[in-house]
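Okay, upload-v5.cif now, which holds mmCIF, C-alpha atoms, pLDDT in the B column; chains and numbers go by the auth columns:
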data_entry
#
loop_
_atom_site.group_PDB
_atom_site.id
_atom_site.type_symbol
_atom_site.label_atom_id
_atom_site.label_comp_id
_atom_site.label_asym_id
_atom_site.label_seq_id
_atom_site.Cartn_x
_atom_site.Cartn_y
_atom_site.Cartn_z
_atom_site.B_iso_or_equiv
_atom_site.auth_seq_id
_atom_site.auth_asym_id
ATOM 1 C CA MET A 1 -3.845 11.378 17.867 76.00 1 X
ATOM 2 C CA GLY A 2 -2.240 14.736 17.139 88.00 2 X
ATOM 3 C CA TYR A 3 0.919 12.971 15.919 90.00 3 X
ATOM 4 C CA PHE A 4 -1.152 10.814 13.560 94.00 4 X
ATOM 5 C CA ILE A 5 -3.008 13.740 11.991 94.00 5 X
ATOM 6 C CA ASP A 6 0.141 15.871 11.734 94.00 6 X
ATOM 7 C CA LEU A 7 2.032 13.048 10.057 94.00 7 X
ATOM 8 C CA LEU A 8 -0.828 12.329 7.662 94.00 8 X
ATOM 9 C CA PHE A 9 -0.950 15.956 6.545 94.00 9 X
ATOM 10 C CA LEU A 10 2.835 16.031 6.205 93.00 10 X
ATOM 11 C CA PHE A 11 2.694 12.953 3.958 93.00 11 X
ATOM 12 C CA VAL A 12 0.199 14.748 1.735 92.00 12 X
ATOM 13 C CA ARG A 13 1.780 18.207 1.675 94.00 13 X
ATOM 14 C CA ARG A 14 5.478 17.792 2.520 94.00 14 X
ATOM 15 C CA PRO A 15 6.572 14.143 2.343 92.00 15 X
ATOM 16 C CA ALA A 16 10.250 14.856 3.079 92.00 16 X
ATOM 17 C CA GLU A 17 9.245 16.588 6.304 95.00 17 X
ATOM 18 C CA GLY A 18 7.069 13.587 7.137 94.00 18 X
ATOM 19 C CA MET A 19 10.058 11.271 6.659 95.00 19 X
ATOM 20 C CA ARG A 20 12.144 13.461 8.973 95.00 20 X
ATOM 21 C CA ARG A 21 9.394 13.335 11.596 95.00 21 X
ATOM 22 C CA ILE A 22 9.326 9.533 11.332 96.00 22 X
ATOM 23 C CA ARG A 23 13.123 9.393 11.682 95.00 23 X
ATOM 24 C CA GLU A 24 12.892 11.394 14.923 94.00 24 X
ATOM 25 C CA HIS A 25 9.913 9.533 16.372 93.00 25 X
ATOM 26 C CA PRO A 26 8.605 6.413 14.588 93.00 26 X
ATOM 27 C CA SER A 27 5.229 5.693 16.185 94.00 27 X
ATOM 28 C CA VAL A 28 4.172 2.108 15.526 94.00 28 X
ATOM 29 C CA LEU A 29 0.766 2.890 17.066 95.00 29 X
ATOM 30 C CA ALA A 30 0.194 5.584 14.435 95.00 30 X
ATOM 31 C CA ALA A 31 1.252 3.075 11.766 96.00 31 X
ATOM 32 C CA LEU A 32 -1.238 0.512 13.062 96.00 32 X
ATOM 33 C CA ILE A 33 -4.027 3.106 12.964 96.00 33 X
ATOM 34 C CA ALA A 34 -3.018 4.018 9.392 97.00 34 X
ATOM 35 C CA LEU A 35 -3.064 0.351 8.370 97.00 35 X
ATOM 36 C CA LEU A 36 -6.480 -0.201 9.949 96.00 36 X
ATOM 37 C CA LEU A 37 -7.890 2.820 8.133 96.00 37 X
ATOM 38 C CA THR A 38 -6.277 1.640 4.900 96.00 38 X
ATOM 39 C CA GLY A 39 -7.921 -1.758 5.252 95.00 39 X
ATOM 40 C CA VAL A 40 -11.340 -0.282 5.987 95.00 40 X
ATOM 41 C CA ILE A 41 -11.056 2.124 3.036 94.00 41 X
ATOM 42 C CA ASP A 42 -9.946 -0.712 0.730 91.00 42 X
ATOM 43 C CA ALA A 43 -12.868 -2.881 1.861 89.00 43 X
ATOM 44 C CA MET A 44 -15.277 -0.018 1.325 88.00 44 X
ATOM 45 C CA SER A 45 -13.764 0.669 -2.100 85.00 45 X
ATOM 46 C CA PHE A 46 -14.229 -2.957 -3.142 82.00 46 X
ATOM 47 C CA ARG A 47 -17.893 -2.832 -2.186 79.00 47 X
ATOM 48 C CA LEU A 48 -18.462 0.499 -3.923 77.00 48 X
ATOM 49 C CA MET A 49 -16.628 -0.360 -7.115 75.00 49 X
ATOM 50 C CA ASP A 50 -18.628 -1.560 -10.101 67.00 50 X
ATOM 51 C CA ILE A 51 -16.539 -4.675 -10.636 69.00 51 X
ATOM 52 C CA VAL A 52 -19.464 -6.518 -12.221 66.00 52 X
ATOM 53 C CA GLY A 53 -19.727 -3.901 -14.971 67.00 53 X
ATOM 54 C CA LEU A 54 -15.999 -4.180 -15.568 66.00 54 X
ATOM 55 C CA LEU A 55 -16.130 -7.986 -15.728 68.00 55 X
ATOM 56 C CA LYS A 56 -19.091 -7.922 -18.131 67.00 56 X
ATOM 57 C CA SER A 57 -17.258 -5.449 -20.357 68.00 57 X
ATOM 58 C CA ILE A 58 -14.328 -7.864 -20.726 71.00 58 X
ATOM 59 C CA GLY A 59 -16.676 -10.725 -21.583 72.00 59 X
ATOM 60 C CA LEU A 60 -16.883 -12.897 -18.473 70.00 60 X
ATOM 61 C CA THR A 61 -19.915 -15.112 -18.027 76.00 61 X
ATOM 62 C CA SER A 62 -22.835 -14.224 -15.790 78.00 62 X
ATOM 63 C CA GLN A 63 -21.856 -17.113 -13.517 81.00 63 X
ATOM 64 C CA MET A 64 -18.457 -15.470 -12.889 77.00 64 X
ATOM 65 C CA THR A 65 -19.994 -12.032 -12.339 78.00 65 X
ATOM 66 C CA ASN A 66 -22.515 -13.502 -9.877 81.00 66 X
ATOM 67 C CA ALA A 67 -19.630 -15.080 -7.936 81.00 67 X
ATOM 68 C CA VAL A 68 -17.873 -11.704 -7.758 78.00 68 X
ATOM 69 C CA THR A 69 -21.081 -10.020 -6.586 79.00 69 X
ATOM 70 C CA GLN A 70 -21.432 -12.587 -3.813 83.00 70 X
ATOM 71 C CA ALA A 71 -17.792 -12.074 -2.845 80.00 71 X
ATOM 72 C CA GLN A 72 -18.371 -8.318 -2.628 80.00 72 X
ATOM 73 C CA GLN A 73 -21.197 -8.857 -0.136 80.00 73 X
ATOM 74 C CA ALA A 74 -19.533 -11.567 1.975 83.00 74 X
ATOM 75 C CA PRO A 75 -18.431 -10.533 5.489 81.00 75 X
ATOM 76 C CA GLY A 76 -15.210 -12.527 5.114 87.00 76 X
ATOM 77 C CA THR A 77 -14.230 -10.352 2.172 87.00 77 X
ATOM 78 C CA PHE A 78 -14.457 -7.241 4.319 87.00 78 X
ATOM 79 C CA TRP A 79 -12.167 -8.704 6.976 91.00 79 X
ATOM 80 C CA THR A 80 -9.747 -9.959 4.334 91.00 80 X
ATOM 81 C CA PHE A 81 -9.361 -6.422 3.009 90.00 81 X
ATOM 82 C CA VAL A 82 -8.997 -5.038 6.539 93.00 82 X
ATOM 83 C CA THR A 83 -6.149 -7.429 7.426 95.00 83 X
ATOM 84 C CA GLU A 84 -4.402 -7.328 4.031 94.00 84 X
ATOM 85 C CA PRO A 85 -2.442 -4.061 4.608 96.00 85 X
ATOM 86 C CA PHE A 86 -1.065 -5.369 7.915 96.00 86 X
ATOM 87 C CA VAL A 87 0.287 -8.510 6.248 95.00 87 X
ATOM 88 C CA LEU A 88 1.637 -6.843 3.100 95.00 88 X
ATOM 89 C CA VAL A 89 3.402 -3.999 4.888 96.00 89 X
ATOM 90 C CA MET A 90 4.905 -6.357 7.471 97.00 90 X
ATOM 91 C CA LEU A 91 6.190 -8.760 4.815 96.00 91 X
ATOM 92 C CA SER A 92 7.590 -5.898 2.737 96.00 92 X
ATOM 93 C CA VAL A 93 9.382 -4.371 5.713 97.00 93 X
ATOM 94 C CA VAL A 94 10.780 -7.745 6.798 97.00 94 X
ATOM 95 C CA VAL A 95 12.219 -8.424 3.329 96.00 95 X
ATOM 96 C CA ILE A 96 13.530 -4.886 2.819 97.00 96 X
ATOM 97 C CA ASP A 97 15.120 -4.639 6.250 97.00 97 X
ATOM 98 C CA ALA A 98 16.591 -8.157 6.136 96.00 98 X
ATOM 99 C CA VAL A 99 18.324 -7.425 2.841 96.00 99 X
ATOM 100 C CA ALA A 100 19.492 -4.010 4.098 96.00 100 X
ATOM 101 C CA GLN A 101 20.951 -5.604 7.229 96.00 101 X
ATOM 102 C CA LEU A 102 22.613 -8.336 5.219 96.00 102 X
ATOM 103 C CA VAL A 103 24.061 -6.114 2.494 95.00 103 X
ATOM 104 C CA TRP A 104 24.500 -2.687 4.085 93.00 104 X
ATOM 105 C CA LYS A 105 24.541 -3.508 7.821 94.00 105 X
ATOM 106 C CA ARG A 106 21.723 -1.001 8.392 93.00 106 X
ATOM 107 C CA THR A 107 18.293 -1.328 9.934 95.00 107 X
ATOM 108 C CA ALA A 108 15.288 0.964 9.800 96.00 108 X
ATOM 109 C CA ALA A 109 12.409 -1.469 10.183 96.00 109 X
ATOM 110 C CA SER A 110 10.217 0.622 12.479 96.00 110 X
ATOM 111 C CA ARG A 111 10.707 3.738 10.362 97.00 111 X
ATOM 112 C CA MET A 112 9.940 1.839 7.150 97.00 112 X
ATOM 113 C CA TYR A 113 6.833 0.323 8.766 97.00 113 X
ATOM 114 C CA VAL A 114 5.474 3.763 9.648 97.00 114 X
ATOM 115 C CA ALA A 115 6.384 5.297 6.270 97.00 115 X
ATOM 116 C CA LEU A 116 4.840 2.483 4.208 97.00 116 X
ATOM 117 C CA SER A 117 1.730 2.528 6.405 97.00 117 X
ATOM 118 C CA PHE A 118 1.108 6.222 5.862 97.00 118 X
ATOM 119 C CA SER A 119 1.861 6.137 2.148 96.00 119 X
ATOM 120 C CA GLY A 120 -0.599 3.232 1.833 96.00 120 X
ATOM 121 C CA LEU A 121 -3.261 5.252 3.658 97.00 121 X
ATOM 122 C CA VAL A 122 -2.840 8.221 1.327 96.00 122 X
ATOM 123 C CA GLY A 123 -3.000 5.844 -1.656 95.00 123 X
ATOM 124 C CA ALA A 124 -6.213 4.264 -0.338 95.00 124 X
ATOM 125 C CA VAL A 125 -7.788 7.689 0.123 94.00 125 X
ATOM 126 C CA LEU A 126 -6.871 8.624 -3.462 93.00 126 X
ATOM 127 C CA ARG A 127 -8.463 5.404 -4.756 89.00 127 X
ATOM 128 C CA VAL A 128 -11.707 5.917 -2.857 89.00 128 X
ATOM 129 C CA ILE A 129 -11.925 9.539 -4.031 89.00 129 X
ATOM 130 C CA GLY A 130 -11.654 8.266 -7.612 86.00 130 X
ATOM 131 C CA ILE A 131 -14.369 5.664 -7.023 82.00 131 X
ATOM 132 C CA LEU A 132 -16.707 8.205 -5.449 82.00 132 X
ATOM 133 C CA MET A 133 -16.139 10.700 -8.260 83.00 133 X
ATOM 134 C CA VAL A 134 -17.021 8.170 -10.977 73.00 134 X
ATOM 135 C CA GLY A 135 -20.710 8.857 -10.336 67.00 135 X
ATOM 136 C CA VAL A 136 -20.157 12.547 -11.043 69.00 136 X
ATOM 137 C CA ALA A 137 -17.505 12.372 -13.750 66.00 137 X
ATOM 138 C CA SER A 138 -16.450 9.817 -16.339 67.00 138 X
ATOM 139 C CA GLY A 139 -14.499 6.606 -15.773 67.00 139 X
ATOM 140 C CA ILE A 140 -11.267 8.372 -16.652 79.00 140 X
ATOM 141 C CA VAL A 141 -11.391 10.051 -13.229 79.00 141 X
ATOM 142 C CA LEU A 142 -11.197 6.640 -11.543 77.00 142 X
ATOM 143 C CA ASP A 143 -8.203 5.760 -13.698 81.00 143 X
ATOM 144 C CA VAL A 144 -6.439 9.024 -12.873 86.00 144 X
ATOM 145 C CA PHE A 145 -6.926 8.577 -9.139 88.00 145 X
ATOM 146 C CA ALA A 146 -6.131 4.833 -9.206 86.00 146 X
ATOM 147 C CA TYR A 147 -2.905 5.313 -11.170 90.00 147 X
ATOM 148 C CA GLY A 148 -2.102 8.390 -9.087 93.00 148 X
ATOM 149 C CA ALA A 149 -2.463 6.268 -5.935 93.00 149 X
ATOM 150 C CA ILE A 150 -0.174 3.566 -7.340 93.00 150 X
ATOM 151 C CA LEU A 151 2.400 6.143 -8.393 96.00 151 X
ATOM 152 C CA TYR A 152 2.222 7.934 -5.026 96.00 152 X
ATOM 153 C CA VAL A 153 2.742 4.731 -3.023 95.00 153 X
ATOM 154 C CA PHE A 154 5.566 3.650 -5.329 96.00 154 X
ATOM 155 C CA VAL A 155 7.417 6.978 -5.170 96.00 155 X
ATOM 156 C CA MET A 156 6.968 7.296 -1.412 96.00 156 X
ATOM 157 C CA GLY A 157 8.221 3.729 -0.886 96.00 157 X
ATOM 158 C CA VAL A 158 11.364 4.390 -2.913 97.00 158 X
ATOM 159 C CA LEU A 159 11.892 7.704 -1.102 96.00 159 X
ATOM 160 C CA ALA A 160 11.483 5.981 2.263 96.00 160 X
ATOM 161 C CA VAL A 161 14.111 3.366 1.423 97.00 161 X
ATOM 162 C CA ARG A 162 16.395 6.073 0.071 96.00 162 X
ATOM 163 C CA PHE A 163 15.869 8.321 3.105 96.00 163 X
ATOM 164 C CA PHE A 164 16.061 5.776 5.926 96.00 164 X
ATOM 165 C CA TYR A 165 18.855 3.599 4.539 96.00 165 X
ATOM 166 C CA GLU A 166 20.732 6.562 3.027 94.00 166 X
ATOM 167 C CA LYS A 167 21.275 4.977 -0.402 94.00 167 X
ATOM 168 C CA ASN A 168 20.989 6.316 -3.927 95.00 168 X
ATOM 169 C CA THR A 169 17.757 6.123 -5.905 95.00 169 X
ATOM 170 C CA ALA A 170 18.782 3.103 -8.011 96.00 170 X
ATOM 171 C CA LYS A 171 19.610 0.985 -4.953 95.00 171 X
ATOM 172 C CA ALA A 172 16.460 2.201 -3.190 96.00 172 X
ATOM 173 C CA LEU A 173 14.356 1.279 -6.221 96.00 173 X
ATOM 174 C CA ILE A 174 15.807 -2.221 -6.401 96.00 174 X
ATOM 175 C CA LEU A 175 15.369 -2.804 -2.686 96.00 175 X
ATOM 176 C CA TYR A 176 11.799 -1.456 -2.685 96.00 176 X
ATOM 177 C CA LEU A 177 10.803 -3.689 -5.618 96.00 177 X
ATOM 178 C CA LEU A 178 12.424 -6.794 -4.118 96.00 178 X
ATOM 179 C CA PRO A 179 9.388 -7.919 -2.046 95.00 179 X
ATOM 180 C CA THR A 180 7.149 -7.584 -5.109 92.00 180 X
ATOM 181 C CA LEU A 181 9.571 -9.540 -7.269 94.00 181 X
ATOM 182 C CA LEU A 182 9.876 -12.250 -4.626 94.00 182 X
ATOM 183 C CA GLY A 183 6.083 -12.437 -4.381 91.00 183 X
ATOM 184 C CA LEU A 184 5.774 -12.773 -8.138 92.00 184 X
ATOM 185 C CA GLY A 185 8.446 -15.480 -8.138 92.00 185 X
ATOM 186 C CA VAL A 186 6.578 -17.449 -5.469 91.00 186 X
ATOM 187 C CA LEU A 187 3.338 -17.021 -7.410 87.00 187 X
ATOM 188 C CA VAL A 188 4.953 -18.300 -10.606 90.00 188 X
ATOM 189 C CA LEU A 189 6.455 -21.285 -8.764 89.00 189 X
ATOM 190 C CA LEU A 190 3.120 -22.121 -7.186 86.00 190 X
ATOM 191 C CA THR A 191 1.361 -21.813 -10.521 86.00 191 X
ATOM 192 C CA MET A 192 3.921 -24.071 -12.174 85.00 192 X
ATOM 193 C CA THR A 193 3.866 -26.730 -9.450 85.00 193 X
ATOM 194 C CA VAL A 194 0.193 -26.723 -8.446 81.00 194 X
ATOM 195 C CA GLY A 195 -1.179 -25.743 -11.856 68.00 195 X
ATOM 196 C CA GLY A 196 1.093 -28.182 -13.651 59.00 196 X
ATOM 197 C CA ALA A 197 -0.025 -31.107 -11.486 54.00 197 X
ATOM 198 C CA ALA A 198 -3.710 -30.649 -12.327 50.00 198 X
#
Have the structure of the file written as C-alpha coordinates, please.
Amino acid sequence: MGYFIDLLFLFVRRPAEGMRRIREHPSVLAALIALLLTGVIDAMSFRLMDIVGLLKSIGLTSQMTNAVTQAQQAPGTFWTFVTEPFVLVMLSVVVIDAVAQLVWKRTAASRMYVALSFSGLVGAVLRVIGILMVGVASGIVLDVFAYGAILYVFVMGVLAVRFFYEKNTAKALILYLLPTLLGLGVLVLLTMTVGGAA
(Lines of atoms letter the chains of each structure in order from A and count residues from 1; the text may use other names and numbers.)
(Lines give C-alpha, C1' and ligand atoms only; values in the text may rest on other atoms or scores of the structure.)
Protein backbone atom coordinates (compact mmCIF):
# COMPACT_ATOMS: atom_id res chain seq x y z
CA MET A 1 0.00 0.00 0.00
CA GLY A 2 2.93 2.31 0.67
CA TYR A 3 4.15 1.82 -2.92
CA PHE A 4 0.70 2.75 -4.25
CA ILE A 5 0.43 5.97 -2.24
CA ASP A 6 4.03 6.97 -2.96
CA LEU A 7 3.54 6.42 -6.68
CA LEU A 8 0.25 8.32 -6.70
CA PHE A 9 1.86 11.34 -5.05
CA LEU A 10 4.82 11.13 -7.44
CA PHE A 11 2.42 11.16 -10.41
CA VAL A 12 0.85 14.33 -9.04
CA ARG A 13 4.00 16.17 -7.94
CA ARG A 14 6.92 14.74 -9.93
CA PRO A 15 5.73 12.61 -12.86
CA ALA A 16 9.23 11.92 -14.22
CA GLU A 17 10.23 10.48 -10.85
CA GLY A 18 7.07 8.37 -10.91
CA MET A 19 8.04 6.99 -14.33
CA ARG A 20 11.50 6.12 -13.01
CA ARG A 21 9.94 4.32 -10.05
CA ILE A 22 7.72 2.34 -12.43
CA ARG A 23 10.75 1.44 -14.58
CA GLU A 24 12.51 0.04 -11.50
CA HIS A 25 9.50 -1.79 -10.07
CA PRO A 26 6.28 -1.99 -12.12
CA SER A 27 3.62 -3.22 -9.70
CA VAL A 28 0.64 -4.62 -11.57
CA LEU A 29 -1.23 -4.93 -8.26
CA ALA A 30 -0.88 -1.17 -7.71
CA ALA A 31 -2.12 -0.64 -11.28
CA LEU A 32 -5.17 -2.82 -10.64
CA ILE A 33 -5.98 -0.84 -7.49
CA ALA A 34 -5.61 2.41 -9.46
CA LEU A 35 -7.93 1.11 -12.18
CA LEU A 36 -10.53 0.00 -9.63
CA LEU A 37 -10.46 3.40 -7.96
CA THR A 38 -10.67 5.09 -11.36
CA GLY A 39 -13.76 3.06 -12.23
CA VAL A 40 -15.46 3.81 -8.93
CA ILE A 41 -14.68 7.53 -9.24
CA ASP A 42 -15.97 7.58 -12.83
CA ALA A 43 -19.18 5.82 -11.79
CA MET A 44 -19.66 8.25 -8.94
CA SER A 45 -18.97 11.18 -11.26
CA PHE A 46 -21.61 9.98 -13.72
CA ARG A 47 -24.20 9.79 -10.96
CA LEU A 48 -23.27 13.20 -9.56
CA MET A 49 -23.12 15.01 -12.87
CA ASP A 50 -26.14 16.98 -14.01
CA ILE A 51 -26.34 15.31 -17.40
CA VAL A 52 -30.09 15.92 -17.62
CA GLY A 53 -29.57 19.68 -17.38
CA LEU A 54 -26.93 19.48 -20.08
CA LEU A 55 -29.17 17.42 -22.37
CA LYS A 56 -32.11 19.80 -21.86
CA SER A 57 -29.87 22.76 -22.66
CA ILE A 58 -28.98 21.25 -26.05
CA GLY A 59 -32.64 20.60 -26.83
CA LEU A 60 -33.19 16.87 -26.34
CA THR A 61 -36.69 15.65 -25.63
CA SER A 62 -37.94 14.78 -22.16
CA GLN A 63 -38.16 11.14 -23.25
CA MET A 64 -34.40 11.12 -23.95
CA THR A 65 -33.58 12.89 -20.68
CA ASN A 66 -35.74 10.41 -18.74
CA ALA A 67 -33.82 7.54 -20.36
CA VAL A 68 -30.52 9.11 -19.28
CA THR A 69 -31.83 9.59 -15.74
CA GLN A 70 -32.80 5.93 -15.58
CA ALA A 71 -29.38 4.94 -16.91
CA GLN A 72 -27.71 7.03 -14.20
CA GLN A 73 -29.60 5.11 -11.51
CA ALA A 74 -29.22 1.61 -12.99
CA PRO A 75 -26.86 -0.76 -11.13
CA GLY A 76 -25.50 -2.07 -14.44
CA THR A 77 -24.30 1.42 -15.30
CA PHE A 78 -22.20 1.54 -12.15
CA TRP A 79 -20.50 -1.76 -12.95
CA THR A 80 -19.96 -0.71 -16.56
CA PHE A 81 -18.05 2.35 -15.38
CA VAL A 82 -16.08 0.27 -12.87
CA THR A 83 -14.91 -2.22 -15.52
CA GLU A 84 -14.35 0.32 -18.32
CA PRO A 85 -10.85 1.48 -17.21
CA PHE A 86 -9.62 -2.13 -17.04
CA VAL A 87 -10.71 -2.80 -20.62
CA LEU A 88 -9.54 0.50 -22.11
CA VAL A 89 -6.11 0.47 -20.49
CA MET A 90 -5.54 -3.18 -21.41
CA LEU A 91 -6.54 -2.62 -25.04
CA SER A 92 -4.40 0.51 -25.27
CA VAL A 93 -1.36 -1.24 -23.82
CA VAL A 94 -1.82 -4.26 -26.09
CA VAL A 95 -1.96 -2.07 -29.21
CA ILE A 96 0.89 0.21 -28.14
CA ASP A 97 3.18 -2.62 -27.10
CA ALA A 98 2.38 -4.78 -30.14
CA VAL A 99 3.30 -1.95 -32.50
CA ALA A 100 6.44 -1.14 -30.47
CA GLN A 101 7.53 -4.78 -30.61
CA LEU A 102 6.82 -4.99 -34.31
CA VAL A 103 8.48 -1.71 -35.30
CA TRP A 104 11.13 -1.06 -32.65
CA LYS A 105 11.69 -4.54 -31.16
CA ARG A 106 10.98 -3.15 -27.68
CA THR A 107 8.48 -4.10 -25.01
CA ALA A 108 7.33 -2.24 -21.93
CA ALA A 109 3.81 -3.56 -21.47
CA SER A 110 3.82 -3.88 -17.69
CA ARG A 111 5.37 -0.44 -17.25
CA MET A 112 2.88 1.14 -19.65
CA TYR A 113 0.00 -0.61 -17.85
CA VAL A 114 1.05 0.87 -14.51
CA ALA A 115 1.73 4.35 -15.94
CA LEU A 116 -1.58 4.58 -17.82
CA SER A 117 -3.44 3.28 -14.77
CA PHE A 118 -2.05 5.95 -12.48
CA SER A 119 -2.46 8.77 -14.97
CA GLY A 120 -6.10 7.68 -15.42
CA LEU A 121 -6.62 7.76 -11.65
CA VAL A 122 -5.26 11.30 -11.37
CA GLY A 123 -7.47 12.33 -14.31
CA ALA A 124 -10.54 10.80 -12.64
CA VAL A 125 -9.79 12.64 -9.40
CA LEU A 126 -9.48 15.93 -11.31
CA ARG A 127 -12.85 15.32 -12.99
CA VAL A 128 -14.65 14.55 -9.74
CA ILE A 129 -13.13 17.62 -8.07
CA GLY A 130 -14.55 19.72 -10.92
CA ILE A 131 -17.98 18.12 -10.55
CA LEU A 132 -18.03 18.65 -6.79
CA MET A 133 -16.94 22.28 -7.15
CA VAL A 134 -19.74 23.11 -9.60
CA GLY A 135 -22.12 23.51 -6.65
CA VAL A 136 -19.83 26.14 -5.15
CA ALA A 137 -18.53 27.84 -8.28
CA SER A 138 -19.78 28.29 -11.83
CA GLY A 139 -19.85 25.70 -14.61
CA ILE A 140 -16.55 26.98 -15.94
CA VAL A 141 -14.83 25.23 -13.02
CA LEU A 142 -16.11 21.87 -14.28
CA ASP A 143 -14.78 22.67 -17.74
CA VAL A 144 -11.37 23.65 -16.38
CA PHE A 145 -11.03 20.47 -14.36
CA ALA A 146 -12.48 18.24 -17.11
CA TYR A 147 -10.17 19.64 -19.79
CA GLY A 148 -7.30 19.64 -17.30
CA ALA A 149 -7.93 15.93 -16.67
CA ILE A 150 -7.97 15.17 -20.40
CA LEU A 151 -4.78 17.16 -20.95
CA TYR A 152 -3.06 15.52 -17.96
CA VAL A 153 -3.89 11.98 -19.11
CA PHE A 154 -2.85 12.81 -22.68
CA VAL A 155 0.50 14.36 -21.69
CA MET A 156 1.29 11.59 -19.22
CA GLY A 157 0.46 8.92 -21.82
CA VAL A 158 2.79 10.49 -24.37
CA LEU A 159 5.50 10.89 -21.73
CA ALA A 160 5.11 7.25 -20.71
CA VAL A 161 5.53 6.04 -24.29
CA ARG A 162 8.48 8.37 -24.75
CA PHE A 163 10.09 7.32 -21.46
CA PHE A 164 9.58 3.55 -21.58
CA TYR A 165 10.24 3.01 -25.29
CA GLU A 166 12.96 5.68 -25.44
CA LYS A 167 11.62 7.44 -28.55
CA ASN A 168 11.22 11.08 -29.47
CA THR A 169 8.03 13.01 -28.74
CA ALA A 170 6.63 12.80 -32.28
CA LYS A 171 6.92 9.00 -32.40
CA ALA A 172 5.55 8.73 -28.86
CA LEU A 173 2.58 10.92 -29.79
CA ILE A 174 1.76 8.83 -32.85
CA LEU A 175 2.06 5.58 -30.94
CA TYR A 176 -0.03 6.85 -28.02
CA LEU A 177 -2.81 8.05 -30.34
CA LEU A 178 -2.85 4.82 -32.36
CA PRO A 179 -5.33 2.92 -30.12
CA THR A 180 -7.72 5.89 -30.23
CA LEU A 181 -7.44 6.15 -34.00
CA LEU A 182 -8.00 2.41 -34.39
CA GLY A 183 -11.05 2.64 -32.12
CA LEU A 184 -12.46 5.50 -34.16
CA GLY A 185 -11.83 3.55 -37.36
CA VAL A 186 -13.70 0.53 -36.00
CA LEU A 187 -16.54 2.79 -34.87
CA VAL A 188 -16.80 4.38 -38.31
CA LEU A 189 -16.77 0.96 -40.00
CA LEU A 190 -19.46 -0.32 -37.68
CA THR A 191 -21.56 2.78 -38.24
CA MET A 192 -21.20 2.43 -42.00
CA THR A 193 -22.00 -1.29 -42.10
CA VAL A 194 -24.65 -1.58 -39.37
CA GLY A 195 -26.09 1.92 -39.80
CA GLY A 196 -26.10 1.63 -43.58
CA ALA A 197 -28.03 -1.65 -43.51
CA ALA A 198 -30.92 -0.20 -41.50
Inset, instruction - Name every residue that the PyMOL selection byres ((chain X and resi 161) around 9) selects in this structure, writing the answer as a list in words with chains first and numbers rising. - result: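 Answer for the PyMOL selection byres ((chain X and resi 161) around 9): Ile96, Ala108, Met112, Met156, Gly157, Val158, Leu159, Ala160, Arg162, Phe163, Phe164, Tyr165, Glu166, Lys167, Thr169, Lys171, Ala172, Leu173, Leu175 and Tyr176 of chain X.
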Legend entry - Nearest candidate to X:Ser92 (options X:Leu177, X:Val144, X:Met64, X:Leu48; using all atoms listed in the file): X:Leu177
Inset, instruction - State, in Å with one decimal place, the distance from atom CA of X:Leu182 to atom CA of X:Ser110. - result: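 The value is 21.4 Å.
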Inset, instruction - Mind checking which residues fall within 10 Å of stretch 4-21 of chain X, counting only C-alpha atoms, ignoring those fewer than 6 positions away in the same chain, and posting them as a list in words? - result: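 Result of the neighbour search: Ser27, Leu29, Ala30, Ala31, Ile33, Ala34, Arg111, Met112, Val114, Ala115, Phe118, Ser119, Leu121, Val122, Tyr152, Met156, Leu159, Ala160, Phe163 and Phe164 of chain X.
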Legend entry - Between atom CA of X:Val82 and atom CA of X:Met49, distance in Å (one decimal):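 We find that atom CA of X:Val82 and atom CA of X:Met49 lie 16.3 Å from each other.
Applied to this file, the PyMOL selection byres ((chain X and resi 45) around 10) selects Gly39, Val40, Ile41, Asp42, Ala43, Met44, Phe46, Arg47, Leu48, Met49, Asp50, Phe81, Ala124, Val125, Arg127, Val128, Ile129, Gly130, Ile131 and Leu132 of chain X.
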Inset, instruction - I need the residue set behind the PyMOL selection byres ((chain X and resi 85) around 9) for this file; please write it as a PyMOL selection string. - result: chain X and resi 35-36+38-39+81-84+86-90+117+120
Inset, instruction - Work out how far apart atom CA of X:Leu178 and atom CA of X:Met192 are and give it in Å to one decimal. - result: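 Going from atom CA of X:Leu178 over to atom CA of X:Met192, I get 20.9 Å.
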